[in-house]
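Data file: target.txt. Format and content: compact mmCIF, C-alpha atoms.
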# COMPACT_ATOMS: atom_id res chain seq x y z
CA MET B 1 0.00 0.00 0.00
CA ALA B 2 1.34 3.37 -0.97
CA LYS B 3 2.27 5.73 1.80
CA ASN B 4 0.32 8.96 2.20
CA ASN B 5 2.01 12.00 0.80
CA PRO B 6 2.92 14.19 3.81
CA LEU B 7 2.29 17.34 1.78
CA ILE B 8 -1.27 16.27 0.94
CA VAL B 9 -1.95 15.43 4.58
CA ILE B 10 -0.71 18.87 5.67
CA ILE B 11 -2.84 20.61 3.03
CA LEU B 12 -5.95 18.68 4.04
CA ALA B 13 -5.37 19.43 7.70
CA PHE B 14 -4.97 23.12 6.87
CA VAL B 15 -8.21 23.14 4.87
CA VAL B 16 -10.14 21.43 7.67
CA LEU B 17 -8.71 23.82 10.27
CA SER B 18 -9.58 26.83 8.10
CA LEU B 19 -13.16 25.62 7.71
CA MET B 20 -13.50 25.08 11.44
CA LEU B 21 -12.14 28.54 12.20
CA SER B 22 -14.52 30.06 9.64
CA LEU B 23 -17.48 28.34 11.26
CA VAL B 24 -16.42 29.47 14.71
CA LYS B 25 -15.96 33.02 13.46
CA ALA B 26 -19.36 33.00 11.75
CA ALA B 27 -21.00 31.68 14.91
CA ARG B 28 -19.36 34.44 16.95
CA ILE B 29 -20.52 37.07 14.49
CA ASN B 30 -24.08 35.72 14.58
CA ILE B 31 -24.24 35.51 18.37
CA THR B 32 -22.76 39.02 18.54
CA THR B 33 -25.54 40.21 16.23
CA ASP B 34 -28.13 38.71 18.58
CA GLN B 35 -26.39 40.28 21.57
CA HIS B 36 -26.41 43.72 19.95
CA ALA B 37 -30.13 43.34 19.20
CA LEU B 38 -30.95 42.47 22.82
CA LEU B 39 -28.73 45.24 24.19
CA ALA B 40 -30.49 47.69 21.86
CA LEU B 41 -33.77 46.58 23.45
CA LYS B 42 -32.29 47.01 26.91
CA ASP B 43 -31.23 50.56 25.99
CA ARG B 44 -34.83 51.36 24.98
CA ILE B 45 -36.19 50.32 28.38
CA THR B 46 -37.31 53.35 30.37
CA SER B 47 -38.87 51.44 33.25
CA ASP B 48 -37.60 48.22 34.82
CA PRO B 49 -39.19 48.23 38.29
CA THR B 50 -37.57 45.00 39.47
CA ASN B 51 -34.24 45.58 37.68
CA LEU B 52 -34.54 42.23 35.92
CA LEU B 53 -32.77 43.29 32.76
CA ALA B 54 -30.41 45.67 34.52
CA LYS B 55 -29.09 42.87 36.72
CA ASN B 56 -29.36 39.92 34.36
CA TRP B 57 -28.62 41.10 30.81
CA SER B 58 -24.88 41.56 31.22
CA THR B 59 -22.15 41.28 28.59
CA GLY B 60 -20.18 39.29 31.15
CA SER B 61 -22.35 36.24 30.49
CA SER B 62 -23.67 34.42 27.45
CA ILE B 63 -26.96 35.78 26.14
CA CYS B 64 -28.24 32.20 26.15
CA THR B 65 -28.27 32.40 29.96
CA TRP B 66 -30.10 35.74 30.10
CA ILE B 67 -33.53 35.76 31.66
CA GLY B 68 -36.28 35.50 29.05
CA VAL B 69 -33.89 34.29 26.35
CA THR B 70 -33.72 30.79 24.87
CA CYS B 71 -31.15 29.69 22.29
CA GLY B 72 -31.29 26.83 19.84
CA VAL B 73 -29.15 23.77 20.53
CA ARG B 74 -27.69 23.56 17.04
CA HIS B 75 -26.80 27.13 16.08
CA HIS B 76 -26.82 28.72 19.55
CA ARG B 77 -28.94 31.56 18.15
CA VAL B 78 -31.83 33.22 19.98
CA THR B 79 -35.04 31.34 19.16
CA VAL B 80 -37.29 32.58 21.98
CA LEU B 81 -37.60 36.02 23.56
CA ASN B 82 -40.15 35.90 26.37
CA ILE B 83 -40.11 38.93 28.66
CA SER B 84 -43.82 38.83 29.46
CA TYR B 85 -45.08 40.10 32.83
CA PHE B 86 -41.80 41.90 33.58
CA GLY B 87 -43.51 45.28 34.04
CA LEU B 88 -41.17 46.86 31.51
CA GLY B 89 -41.76 50.22 29.86
CA GLY B 90 -40.12 51.50 26.69
CA THR B 91 -40.15 51.07 22.93
CA LEU B 92 -39.01 48.38 20.52
CA PRO B 93 -35.76 49.02 18.63
CA PRO B 94 -35.37 48.18 14.92
CA GLN B 95 -32.42 45.93 15.80
CA LEU B 96 -34.86 43.26 17.00
CA GLY B 97 -35.29 42.49 13.32
CA ASN B 98 -31.76 41.02 13.37
CA LEU B 99 -32.80 38.09 15.57
CA SER B 100 -33.06 36.02 12.42
CA PHE B 101 -33.62 32.67 14.19
CA LEU B 102 -36.40 33.97 16.44
CA GLN B 103 -39.53 31.79 16.51
CA LEU B 104 -41.40 33.16 19.53
CA LEU B 105 -41.65 36.81 20.57
CA ASP B 106 -43.69 37.33 23.73
CA ILE B 107 -43.71 40.74 25.45
CA ARG B 108 -47.29 40.70 26.78
CA ASN B 109 -48.33 42.43 29.98
CA ASN B 110 -45.75 45.19 29.96
CA ARG B 111 -45.94 48.91 29.16
CA PHE B 112 -44.29 49.08 25.75
CA SER B 113 -45.49 51.96 23.61
CA GLY B 114 -44.83 53.59 20.24
CA SER B 115 -45.02 51.74 16.95
CA LEU B 116 -43.98 48.32 15.67
CA PRO B 117 -40.68 48.63 13.74
CA ASP B 118 -40.78 47.63 10.06
CA GLU B 119 -37.56 45.69 10.62
CA LEU B 120 -39.55 43.00 12.45
CA ALA B 121 -40.70 41.90 9.00
CA GLN B 122 -37.27 40.25 8.68
CA LEU B 123 -38.17 37.68 11.36
CA CYS B 124 -39.25 35.10 8.81
CA ARG B 125 -39.12 32.19 11.29
CA LEU B 126 -41.65 33.68 13.71
CA LYS B 127 -44.46 31.34 14.72
CA LEU B 128 -45.89 33.31 17.65
CA VAL B 129 -46.17 37.04 18.33
CA ASN B 130 -47.75 38.14 21.59
CA PHE B 131 -47.93 41.90 22.25
CA MET B 132 -51.11 41.78 24.40
CA PHE B 133 -51.66 44.27 27.22
CA ASN B 134 -49.22 46.97 26.25
CA SER B 135 -49.65 50.56 25.09
CA PHE B 136 -48.72 50.45 21.42
CA HIS B 137 -50.37 53.34 19.58
CA ALA B 138 -49.98 52.76 15.87
CA GLU B 139 -51.52 51.03 12.91
CA ILE B 140 -51.13 47.28 12.42
CA PRO B 141 -48.25 46.90 9.95
CA SER B 142 -48.99 45.17 6.67
CA TRP B 143 -45.74 43.22 6.97
CA PHE B 144 -47.42 40.72 9.31
CA GLY B 145 -48.72 39.22 6.08
CA SER B 146 -45.19 38.38 4.98
CA LEU B 147 -44.46 36.17 8.01
CA SER B 148 -45.28 32.92 6.26
CA LYS B 149 -44.75 30.70 9.33
CA LEU B 150 -46.80 32.81 11.76
CA GLN B 151 -49.43 30.74 13.58
CA HIS B 152 -50.45 32.87 16.58
CA LEU B 153 -50.92 36.65 16.49
CA PHE B 154 -51.97 38.38 19.73
CA LEU B 155 -52.26 42.18 19.63
CA SER B 156 -55.21 42.71 21.96
CA ASN B 157 -55.53 45.35 24.67
CA ASN B 158 -53.38 48.05 23.10
CA ASN B 159 -54.23 51.36 21.43
CA LEU B 160 -53.94 50.19 17.85
CA VAL B 161 -55.74 52.38 15.33
CA GLY B 162 -56.56 52.42 11.64
CA THR B 163 -57.77 49.51 9.55
CA ILE B 164 -56.83 45.84 9.57
CA PRO B 165 -54.47 45.27 6.62
CA PRO B 166 -55.94 42.63 4.28
CA SER B 167 -52.42 41.24 3.86
CA VAL B 168 -52.54 39.87 7.43
CA GLY B 169 -55.04 37.32 6.17
CA ASN B 170 -52.59 36.16 3.52
CA THR B 171 -50.61 34.21 6.10
CA SER B 172 -51.91 30.76 5.35
CA SER B 173 -50.49 29.16 8.51
CA LEU B 174 -52.44 31.39 10.94
CA ARG B 175 -54.35 29.54 13.63
CA VAL B 176 -55.24 32.20 16.21
CA VAL B 177 -55.75 35.94 15.62
CA ASP B 178 -56.65 38.22 18.54
CA LEU B 179 -56.97 41.95 17.77
CA SER B 180 -59.60 42.67 20.43
CA PHE B 181 -59.83 45.71 22.70
CA ASN B 182 -58.21 48.24 20.41
CA GLN B 183 -59.44 51.18 18.36
CA LEU B 184 -59.49 49.54 14.95
CA SER B 185 -61.92 50.78 12.32
CA GLY B 186 -62.97 49.93 8.79
CA THR B 187 -63.88 46.50 7.50
CA ILE B 188 -63.06 42.86 8.28
CA PRO B 189 -60.69 41.50 5.63
CA SER B 190 -62.39 38.65 3.79
CA SER B 191 -58.98 37.00 3.50
CA PHE B 192 -59.32 35.81 7.11
CA PHE B 193 -62.14 33.51 6.02
CA GLN B 194 -59.99 31.79 3.42
CA ILE B 195 -57.43 30.43 5.89
CA SER B 196 -58.24 26.75 6.31
CA SER B 197 -56.03 26.46 9.41
CA LEU B 198 -57.73 29.33 11.30
CA GLU B 199 -59.10 28.26 14.69
CA SER B 200 -60.04 31.52 16.40
CA LEU B 201 -60.71 35.09 15.23
CA ASP B 202 -61.26 37.67 17.97
CA LEU B 203 -62.09 41.25 16.95
CA ARG B 204 -64.16 42.28 19.98
CA TYR B 205 -64.36 45.85 21.27
CA ASN B 206 -63.19 47.84 18.28
CA HIS B 207 -64.89 50.30 15.92
CA LEU B 208 -65.30 48.00 12.93
CA SER B 209 -68.14 48.87 10.60
CA ASP B 210 -68.94 46.18 8.08
CA SER B 211 -71.40 43.45 7.16
CA PHE B 212 -70.66 39.85 8.05
CA PRO B 213 -68.30 38.40 5.41
CA SER B 214 -70.30 36.40 2.89
CA ILE B 215 -67.36 34.89 1.03
CA ILE B 216 -66.50 31.95 3.24
CA PHE B 217 -64.87 28.74 2.08
CA ASN B 218 -64.72 25.52 4.05
CA LEU B 219 -63.18 26.30 7.42
CA PRO B 220 -62.94 22.95 9.19
CA SER B 221 -60.65 24.28 11.93
CA LEU B 222 -62.54 27.44 12.91
CA GLN B 223 -63.87 27.10 16.45
CA ALA B 224 -64.44 30.66 17.67
CA ILE B 225 -65.72 33.89 16.08
CA ARG B 226 -65.84 36.81 18.50
CA PHE B 227 -67.03 40.09 16.96
CA SER B 228 -68.94 41.64 19.86
CA SER B 229 -69.05 45.37 20.61
CA ASN B 230 -68.40 46.79 17.15
CA SER B 231 -70.66 48.51 14.62
CA LEU B 232 -71.28 45.54 12.35
CA PHE B 233 -74.55 45.57 10.44
CA GLY B 234 -76.76 43.81 7.90
CA VAL B 235 -78.21 40.31 7.76
CA LEU B 236 -76.33 37.12 8.51
CA PRO B 237 -75.83 35.23 5.22
CA SER B 238 -77.58 31.90 5.67
CA HIS B 239 -75.09 29.90 3.60
CA ILE B 240 -72.03 30.64 5.76
CA PHE B 241 -73.06 28.14 8.42
CA ASN B 242 -72.62 25.34 5.92
CA TYR B 243 -68.87 25.93 6.03
CA LEU B 244 -68.31 26.08 9.80
CA PRO B 245 -68.66 22.44 10.89
CA ASN B 246 -66.61 22.77 14.10
CA LEU B 247 -67.63 26.22 15.29
CA LYS B 248 -68.02 26.24 19.08
CA ILE B 249 -68.37 29.96 19.86
CA LEU B 250 -70.25 32.62 17.89
CA ASP B 251 -70.35 35.96 19.71
CA LEU B 252 -71.91 38.86 17.81
CA THR B 253 -73.22 40.70 20.88
CA SER B 254 -73.77 44.46 20.78
CA ASN B 255 -73.71 45.23 17.07
CA MET B 256 -76.33 46.36 14.58
CA PHE B 257 -77.21 43.13 12.79
CA ASP B 258 -80.80 42.92 11.57
CA GLY B 259 -83.11 40.60 9.70
CA GLN B 260 -83.96 37.08 10.75
CA ILE B 261 -81.67 34.64 12.49
CA PRO B 262 -80.91 32.03 9.80
CA SER B 263 -82.26 28.58 10.56
CA THR B 264 -79.09 27.18 8.98
CA ILE B 265 -77.25 28.16 12.14
CA SER B 266 -78.30 24.72 13.39
CA LYS B 267 -75.82 23.24 10.88
CA CYS B 268 -73.14 24.20 13.41
CA GLN B 269 -73.71 21.11 15.51
CA GLN B 270 -70.60 21.74 17.64
CA LEU B 271 -71.82 25.17 18.77
CA GLN B 272 -71.68 25.59 22.54
CA ILE B 273 -72.01 29.37 22.95
CA LEU B 274 -74.31 31.47 20.76
CA SER B 275 -74.61 35.15 21.66
CA LEU B 276 -76.68 37.41 19.38
CA SER B 277 -78.03 39.79 22.04
CA ILE B 278 -78.19 43.59 21.72
CA ASN B 279 -78.77 43.72 17.97
CA ASN B 280 -81.77 44.42 15.74
CA PHE B 281 -82.78 40.87 14.83
CA THR B 282 -86.44 40.42 13.97
CA GLY B 283 -88.86 37.60 13.25
CA TYR B 284 -89.25 34.24 14.92
CA ILE B 285 -86.54 32.41 16.79
CA PRO B 286 -85.60 29.46 14.54
CA LYS B 287 -87.05 26.27 15.97
CA GLU B 288 -83.96 24.46 14.72
CA ILE B 289 -81.98 25.99 17.59
CA GLY B 290 -83.77 23.52 19.85
CA ASN B 291 -82.04 20.69 18.00
CA MET B 292 -78.56 21.92 18.91
CA THR B 293 -78.00 19.35 21.62
CA ILE B 294 -74.61 20.50 22.94
CA LEU B 295 -75.47 24.20 23.08
CA LYS B 296 -74.64 25.38 26.61
CA GLU B 297 -75.17 29.15 26.47
CA LEU B 298 -77.73 31.05 24.38
CA TYR B 299 -78.12 34.84 24.46
CA LEU B 300 -80.82 36.44 22.31
CA GLY B 301 -81.95 39.32 24.54
CA ILE B 302 -82.52 42.93 23.49
CA ASN B 303 -83.67 42.20 19.95
CA GLU B 304 -87.12 42.20 18.34
CA LEU B 305 -87.61 38.45 18.26
CA GLN B 306 -90.78 36.43 18.66
CA GLY B 307 -91.67 32.87 19.49
CA MET B 308 -90.29 30.20 21.78
CA ILE B 309 -87.47 27.69 21.74
CA TYR B 310 -88.59 24.07 21.61
CA VAL B 311 -85.92 21.76 22.96
CA ALA B 312 -85.74 18.42 21.16

Let me see whether you can do it: turn the structure in this file into structure tokens.
Amino acid sequence: MAKNNPLIVIILAFVVLSLMLSLVKAARINITTDQHALLALKDRITSDPTNLLAKNWSTGSSICTWIGVTCGVRHHRVTVLNISYFGLGGTLPPQLGNLSFLQLLDIRNNRFSGSLPDELAQLCRLKLVNFMFNSFHAEIPSWFGSLSKLQHLFLSNNNLVGTIPPSVGNTSSLRVVDLSFNQLSGTIPSSFFQISSLESLDLRYNHLSDSFPSIIFNLPSLQAIRFSSNSLFGVLPSHIFNYLPNLKILDLTSNMFDGQIPSTISKCQQLQILSLSINNFTGYIPKEIGNMTILKELYLGINELQGMIYVA
């Protein structure tokens, strides 16, 4: 057997060593990018009542050990940023958009204000965004529609204004959307009702003025529609209930819907809560409602309805 050429062995060893050093250098650059992004957030904090970030987010330790931060095992990049319930006040820096491996961003129950930086559109791996119970005063950015992996979007209990961008409904992986308790106006994007994976849509307590979307495709996953306390109007299209086989909650309380309650609502055999009170519904209560055997809560008060409910 021929002996190995020492020169070839040396060259191969040099190549391997160079590759390893390049990978280490790249990893350091990436982790430094994540560190700069988190430190930029720390610099934007104006209120940290328990000094959590002040004491814990230190350059003397790895960011993967910082409170609220989780890193991936493989790349050691930040995959989760969860600083919920910290009581923090401040604004979000554009550098957060550099956390390119981030999958979960949860800052609920704090006092963040201002707008949502456009740079967050770069977080293409995001699956969950939770900004509930803060003080953001801005419009909902259209770039949410470009987050193709987004499954859960929670923006409730802020001061969001303007209309709901139709592009948000273009995210085909969405499962839960909660935009309730804001100051949103305009219409309900019909694109929401074309997302087959959608499980819950909560738009309660806004200033939406629109009729109930009539263009609805088969939505086998949709379990909850909560539209109460808006200015929605018109009749409920009777055909829509043919496409909501697993709907469990329908809450349209305190709107301006009129006309008759469609008898086809009984097609939603999984319905457990039906609230149509404080509207302008007229006519007879559909007898078919009495056939909805698993219905637990029924609210029809403050309308102009007639008749009785006959329980099967």

Fewer than 6 positions away in the same chain doesn't count, so skip those; otherwise give me all residues within 8 Å of range 130-141 of chain B, counting only C-alpha atoms, as a PDB file with C-alpha atoms, keeping the file's coordinate frame.
ATOM      1  CA  LEU B 105     -41.650  36.810  20.570  1.00  0.00           C
ATOM      2  CA  ASP B 106     -43.690  37.330  23.730  1.00  0.00           C
ATOM      3  CA  ILE B 107     -43.710  40.740  25.450  1.00  0.00           C
ATOM      4  CA  ARG B 108     -47.290  40.700  26.780  1.00  0.00           C
ATOM      5  CA  ASN B 109     -48.330  42.430  29.980  1.00  0.00           C
ATOM      6  CA  ASN B 110     -45.750  45.190  29.960  1.00  0.00           C
ATOM      7  CA  ARG B 111     -45.940  48.910  29.160  1.00  0.00           C
ATOM      8  CA  PHE B 112     -44.290  49.080  25.750  1.00  0.00           C
ATOM      9  CA  SER B 113     -45.490  51.960  23.610  1.00  0.00           C
ATOM     10  CA  GLY B 114     -44.830  53.590  20.240  1.00  0.00           C
ATOM     11  CA  SER B 115     -45.020  51.740  16.950  1.00  0.00           C
ATOM     12  CA  LEU B 116     -43.980  48.320  15.670  1.00  0.00           C
ATOM     13  CA  ASP B 118     -40.780  47.630  10.060  1.00  0.00           C
ATOM     14  CA  HIS B 152     -50.450  32.870  16.580  1.00  0.00           C
ATOM     15  CA  LEU B 153     -50.920  36.650  16.490  1.00  0.00           C
ATOM     16  CA  PHE B 154     -51.970  38.380  19.730  1.00  0.00           C
ATOM     17  CA  LEU B 155     -52.260  42.180  19.630  1.00  0.00           C
ATOM     18  CA  SER B 156     -55.210  42.710  21.960  1.00  0.00           C
ATOM     19  CA  ASN B 157     -55.530  45.350  24.670  1.00  0.00           C
ATOM     20  CA  ASN B 158     -53.380  48.050  23.100  1.00  0.00           C
ATOM     21  CA  ASN B 159     -54.230  51.360  21.430  1.00  0.00           C
ATOM     22  CA  LEU B 160     -53.940  50.190  17.850  1.00  0.00           C
ATOM     23  CA  VAL B 161     -55.740  52.380  15.330  1.00  0.00           C
ATOM     24  CA  GLY B 162     -56.560  52.420  11.640  1.00  0.00           C
ATOM     25  CA  THR B 163     -57.770  49.510   9.550  1.00  0.00           C
ATOM     26  CA  ILE B 164     -56.830  45.840   9.570  1.00  0.00           C
ATOM     27  CA  PRO B 165     -54.470  45.270   6.620  1.00  0.00           C
TER      28      PRO B 165
END

**Asked** Which polymer residues have any atom within 10 Å of an atom of Ile285 in chain B, counting all atoms listed in the file, with same-chain residues fewer than 6 positions away left out, as JSON, numbers by chain?
**Response** {"B": [260, 261, 262, 263, 300, 304, 305, 306, 307, 308, 309, 310]}

**Request:** Counting all atoms listed in the file, figure out which residue out of B:Thr187, B:Ser228, B:Ser275, B:Ser200 gets nearest to Leu250 in chain B.
**Result:** B:Ser275

**Item:** Neighbour residues at most 8 Å from (-39.1, 51.2, 36.6) (all atoms listed in the file) as a ChimeraX atom specification
**Value:** /B:46-51,87-89

Could you pull the residues within 10 Å of Phe101 in chain B, counting only C-alpha atoms, minus those fewer than 5 positions along the same chain, as a CSV table (one decimal) with C-alpha atoms, keeping the file's coordinate frame?
chain,number,residue,atom,x,y,z
B,34,ASP,CA,-28.1,38.7,18.6
B,71,CYS,CA,-31.2,29.7,22.3
B,72,GLY,CA,-31.3,26.8,19.8
B,75,HIS,CA,-26.8,27.1,16.1
B,76,HIS,CA,-26.8,28.7,19.6
B,77,ARG,CA,-28.9,31.6,18.2
B,78,VAL,CA,-31.8,33.2,20.0
B,79,THR,CA,-35.0,31.3,19.2
B,80,VAL,CA,-37.3,32.6,22.0
B,123,LEU,CA,-38.2,37.7,11.4
B,124,CYS,CA,-39.2,35.1,8.8
B,125,ARG,CA,-39.1,32.2,11.3
B,126,LEU,CA,-41.6,33.7,13.7

**Request:** Counting only C-alpha atoms, figure out which residue out of B:Ser180, B:Thr70, B:Thr282, B:Gln103 gets nearest to Leu147 in chain B.
**Result:** B:Gln103

**Prompt:** Taking (-62.0, 30.4, 9.3) in the file's coordinates as the center, which residues reach within 9 Å of it, counting all atoms listed in the file, put as a ChimeraX atom specification?
**Reply:** /B:175,192-201,216-225,243-244

**Prompt:** If you count only C-alpha atoms, which residues fall within 10 Å of Ile215 in chain B, apart from same-chain ones fewer than 6 positions away, as a count of residues only?
**Reply:** 7

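Note that the spacing between CA of Leu150 in chain B and CA of Ser84 in chain B amounts to 18.9 Å.
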
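If you look at CA of Phe86 in chain B and CA of Gln183 in chain B, they are 25.1 Å away from each other.
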
For range 142-152 of chain B, what centre and edge lengths in Å (one decimal) does the axis-aligned box get once 6 Å is added on each side of all its listed atoms, as lines of an AutoDock Vina configuration file?
center_x = -47.5
center_y = 37.9
center_z = 10.8
size_x = 18.0
size_y = 26.5
size_z = 23.6

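In terms of minimum interatomic distance to Tyr85 in chain B, B:Leu52 ranks closest within B:Leu179, B:Leu39, B:Leu52, B:Leu236, counting all atoms listed in the file.
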
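When all atoms listed in the file are used to measure the gap to Ile265 in chain B, the shortest distance among B:Pro245, B:Gly145, B:Gly283, B:Gly301 belongs to B:Pro245.
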
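CA of Ser254 in chain B to CA of Leu276 in chain B spans 7.8 Å [interatomic distance, one decimal].
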